[in-house]
Amino acid sequence: MSSNEMQSENYYKKNKKLFIWAASLTLFFALVEIIYGFISGSLMMMGDGVHMSSDAFSLILSLIATIMATKAVTKNKTFGYKRFEPIAAFINGLTLVIIPIFIIAEAISRMYNPIEIIPNQMLVVGTIGLVVNGIVGYILTKANSNLNVKSAMLHVLADLFTSVSVVIAALGIKYFGLTWLDPIGSIITSIIIIAGGVKITKESFNILMEGTPNGYSVDGIKKTLQETNQDLTVEDVKVWCINEQEVYTLIRVKSSSKLVNNIQKVIKELVSNHTKIPLDNIYVDLK
């Protein structure tokens, strides 16, 4: 096993372990809230338990993606399964956009048709959520950052923001009768979550569509090659990635010069020095 393969294996092994802890903790407290809510008759507690269950699902999805990314390359899957990570990030990103839209709609409805709020139950739910999501968020900060981890972290941060707003709203309602804090807090939090969800969804969609990764320039590669060798005509450059870590490029060139030995090797080294893309991930089609 090469040093790069060992580094990659350790990278995913660490993330896998942290996702297991985060998902298990979230799912455990979700079940506790649902059971306690059922016993006590608290709909809010049961509702928050269901909400945390959805977060546990997103963490489990990220865990599955991390496990799949370590599967070996096959004849049918020549790039392996590492694209599972941007797929998971895309799904998580979409839920971060769709769910808050429904929350905003419900919040607006409650502003016109307020319902009775029990601040003590609200305070208990918010505090539990704050503690649990704080612990889970801390666990995920120890993971090797990538789009999959970022999407999972954003789910946790979304709940953290929600828990903070619930606690603030509960205190405002309990001591000052400010019932409008609940829907207003929900709307503000939802807007913040949507903004993050849109960013994650766009980044993962760009990877899935094999778009040029951020920080790389097709024109920059062309310019570097043209300036180095006037006899070289760059016909096409494609840059794409499997995930955030693995970037590839395919360069189609035509050269009228027959004097340059190992021109493909020279091109690879020039491009690698310019872009930091590994030599093994650079393909040159010479005519």
# chains A, B, ... in the order shown; residues from 1 in each chain; ligands from 1

call {"tool": "select_by_dssp", "arguments": {"residues": "range 33-212 of chain A", "states": "helix (DSSP H, G or I)", "output": "ChimeraX atom specification"}}
result
/A:33-40,43-69,84-112,119-141,147-176,181-208

call {"tool": "closest_residue", "arguments": {"among": "A:Asn133, A:Gln264, A:Ser24, A:Ser58", "to": "Val149 in chain A", "atoms": "only C-alpha atoms"}}
result
A:Ser58

call {"tool": "atom_distance", "arguments": {"atom1": "CA of Val124 in chain A", "atom2": "CA of Met153 in chain A"}}
result
23.3 Å

call {"tool": "residues_around", "arguments": {"residues": "Thr228 in chain A", "least_positions_apart": "5", "cutoff": "12 Å", "atoms": "only C-alpha atoms", "output": "PyMOL selection string"}}
result
chain A and resi 221-223+233-234+263+266-267+269-271+274

call {"tool": "residues_around", "arguments": {"residues": "Pro86 in chain A", "least_positions_apart": "4", "cutoff": "8 Å", "atoms": "only C-alpha atoms", "output": "PyMOL selection string"}}
result
chain A and resi 90+147-148+204-205+207-208+243

call {"tool": "write_last_selection", "arguments": {"atoms": "N, CA and C atoms", "output": "PDB file, in the first residue's frame"}}
result
ATOM      1  N   PHE A  90     -25.200  16.534  -1.246  1.00  0.00           N
ATOM      2  CA  PHE A  90     -26.276  17.132  -2.053  1.00  0.00           C
ATOM      3  C   PHE A  90     -27.643  16.871  -1.417  1.00  0.00           C
ATOM      4  N   LEU A 147     -16.777  18.168   1.977  1.00  0.00           N
ATOM      5  CA  LEU A 147     -18.153  18.607   1.724  1.00  0.00           C
ATOM      6  C   LEU A 147     -19.158  17.758   2.486  1.00  0.00           C
ATOM      7  N   ASN A 148     -18.897  16.474   2.599  1.00  0.00           N
ATOM      8  CA  ASN A 148     -19.772  15.562   3.328  1.00  0.00           C
ATOM      9  C   ASN A 148     -19.829  15.938   4.803  1.00  0.00           C
ATOM     10  N   SER A 204     -21.865  20.725  -4.094  1.00  0.00           N
ATOM     11  CA  SER A 204     -21.972  19.293  -4.380  1.00  0.00           C
ATOM     12  C   SER A 204     -22.541  19.052  -5.775  1.00  0.00           C
ATOM     13  N   PHE A 205     -23.481  19.897  -6.217  1.00  0.00           N
ATOM     14  CA  PHE A 205     -24.053  19.759  -7.563  1.00  0.00           C
ATOM     15  C   PHE A 205     -22.980  19.996  -8.625  1.00  0.00           C
ATOM     16  N   ILE A 207     -19.829  19.312  -8.352  1.00  0.00           N
ATOM     17  CA  ILE A 207     -19.006  18.104  -8.407  1.00  0.00           C
ATOM     18  C   ILE A 207     -19.728  17.007  -9.183  1.00  0.00           C
ATOM     19  N   LEU A 208     -21.017  16.814  -8.897  1.00  0.00           N
ATOM     20  CA  LEU A 208     -21.787  15.762  -9.565  1.00  0.00           C
ATOM     21  C   LEU A 208     -21.928  16.020 -11.066  1.00  0.00           C
ATOM     22  N   ASN A 243     -14.333  13.950  -5.689  1.00  0.00           N
ATOM     23  CA  ASN A 243     -14.747  14.634  -4.467  1.00  0.00           C
ATOM     24  C   ASN A 243     -13.810  15.821  -4.300  1.00  0.00           C
TER      25      ASN A 243
END

call {"tool": "atom_distance", "arguments": {"atom1": "CA of Met111 in chain A", "atom2": "CA of Gly185 in chain A"}}
result
11.5 Å

call {"tool": "select_by_dssp", "arguments": {"residues": "range 98-256 of chain A", "states": "strand (DSSP E or B)", "output": "mmCIF file with N, CA and C atoms, in the first residue's frame"}}
result
data_model
loop_
_atom_site.group_PDB
_atom_site.id
_atom_site.type_symbol
_atom_site.label_atom_id
_atom_site.label_comp_id
_atom_site.auth_asym_id
_atom_site.auth_seq_id
_atom_site.Cartn_x
_atom_site.Cartn_y
_atom_site.Cartn_z
ATOM 1 N N LEU A 232 3.098 24.522 -29.313
ATOM 2 C CA LEU A 232 2.046 23.700 -28.714
ATOM 3 C C LEU A 232 0.686 24.383 -28.869
ATOM 4 N N THR A 233 -0.279 23.659 -29.412
ATOM 5 C CA THR A 233 -1.647 24.171 -29.524
ATOM 6 C C THR A 233 -2.534 23.387 -28.567
ATOM 7 N N VAL A 234 -3.097 24.076 -27.611
ATOM 8 C CA VAL A 234 -3.981 23.424 -26.639
ATOM 9 C C VAL A 234 -5.400 23.446 -27.197
ATOM 10 N N GLU A 235 -5.908 22.282 -27.561
ATOM 11 C CA GLU A 235 -7.234 22.190 -28.185
ATOM 12 C C GLU A 235 -8.363 22.129 -27.161
ATOM 13 N N ASP A 236 -8.093 21.475 -26.026
ATOM 14 C CA ASP A 236 -9.162 21.331 -25.032
ATOM 15 C C ASP A 236 -8.567 21.017 -23.662
ATOM 16 N N VAL A 237 -9.190 21.556 -22.628
ATOM 17 C CA VAL A 237 -8.798 21.258 -21.250
ATOM 18 C C VAL A 237 -10.061 20.983 -20.445
ATOM 19 N N LYS A 238 -10.080 19.861 -19.767
ATOM 20 C CA LYS A 238 -11.198 19.523 -18.891
ATOM 21 C C LYS A 238 -10.649 19.277 -17.489
ATOM 22 N N VAL A 239 -11.266 19.911 -16.503
ATOM 23 C CA VAL A 239 -10.881 19.728 -15.104
ATOM 24 C C VAL A 239 -12.125 19.329 -14.325
ATOM 25 N N TRP A 240 -12.042 18.249 -13.566
ATOM 26 C CA TRP A 240 -13.183 17.788 -12.788
ATOM 27 C C TRP A 240 -12.668 17.110 -11.523
ATOM 28 N N CYS A 241 -13.589 16.745 -10.648
ATOM 29 C CA CYS A 241 -13.172 16.060 -9.427
ATOM 30 C C CYS A 241 -14.193 14.992 -9.041
ATOM 31 N N VAL A 247 -8.799 15.677 -7.690
ATOM 32 C CA VAL A 247 -9.033 16.493 -8.887
ATOM 33 C C VAL A 247 -8.271 15.880 -10.066
ATOM 34 N N TYR A 248 -8.916 15.857 -11.235
ATOM 35 C CA TYR A 248 -8.317 15.294 -12.442
ATOM 36 C C TYR A 248 -8.380 16.310 -13.573
ATOM 37 N N THR A 249 -7.485 16.156 -14.542
ATOM 38 C CA THR A 249 -7.559 16.999 -15.735
ATOM 39 C C THR A 249 -7.171 16.200 -16.974
ATOM 40 N N LEU A 250 -7.855 16.487 -18.056
ATOM 41 C CA LEU A 250 -7.557 15.879 -19.360
ATOM 42 C C LEU A 250 -7.213 17.017 -20.315
ATOM 43 N N ILE A 251 -6.027 16.921 -20.943
ATOM 44 C CA ILE A 251 -5.554 17.994 -21.819
ATOM 45 C C ILE A 251 -5.311 17.425 -23.208
ATOM 46 N N ARG A 252 -5.985 18.000 -24.201
ATOM 47 C CA ARG A 252 -5.769 17.602 -25.603
ATOM 48 C C ARG A 252 -4.909 18.672 -26.279
ATOM 49 N N VAL A 253 -3.745 18.255 -26.753
ATOM 50 C CA VAL A 253 -2.813 19.208 -27.362
ATOM 51 C C VAL A 253 -2.340 18.700 -28.723
ATOM 52 N N LYS A 254 -1.910 19.665 -29.533
ATOM 53 C CA LYS A 254 -1.318 19.351 -30.840
ATOM 54 C C LYS A 254 0.024 20.071 -30.902
ATOM 55 N N SER A 255 1.058 19.342 -31.319
ATOM 56 C CA SER A 255 2.400 19.939 -31.384
ATOM 57 C C SER A 255 3.012 19.691 -32.760
#
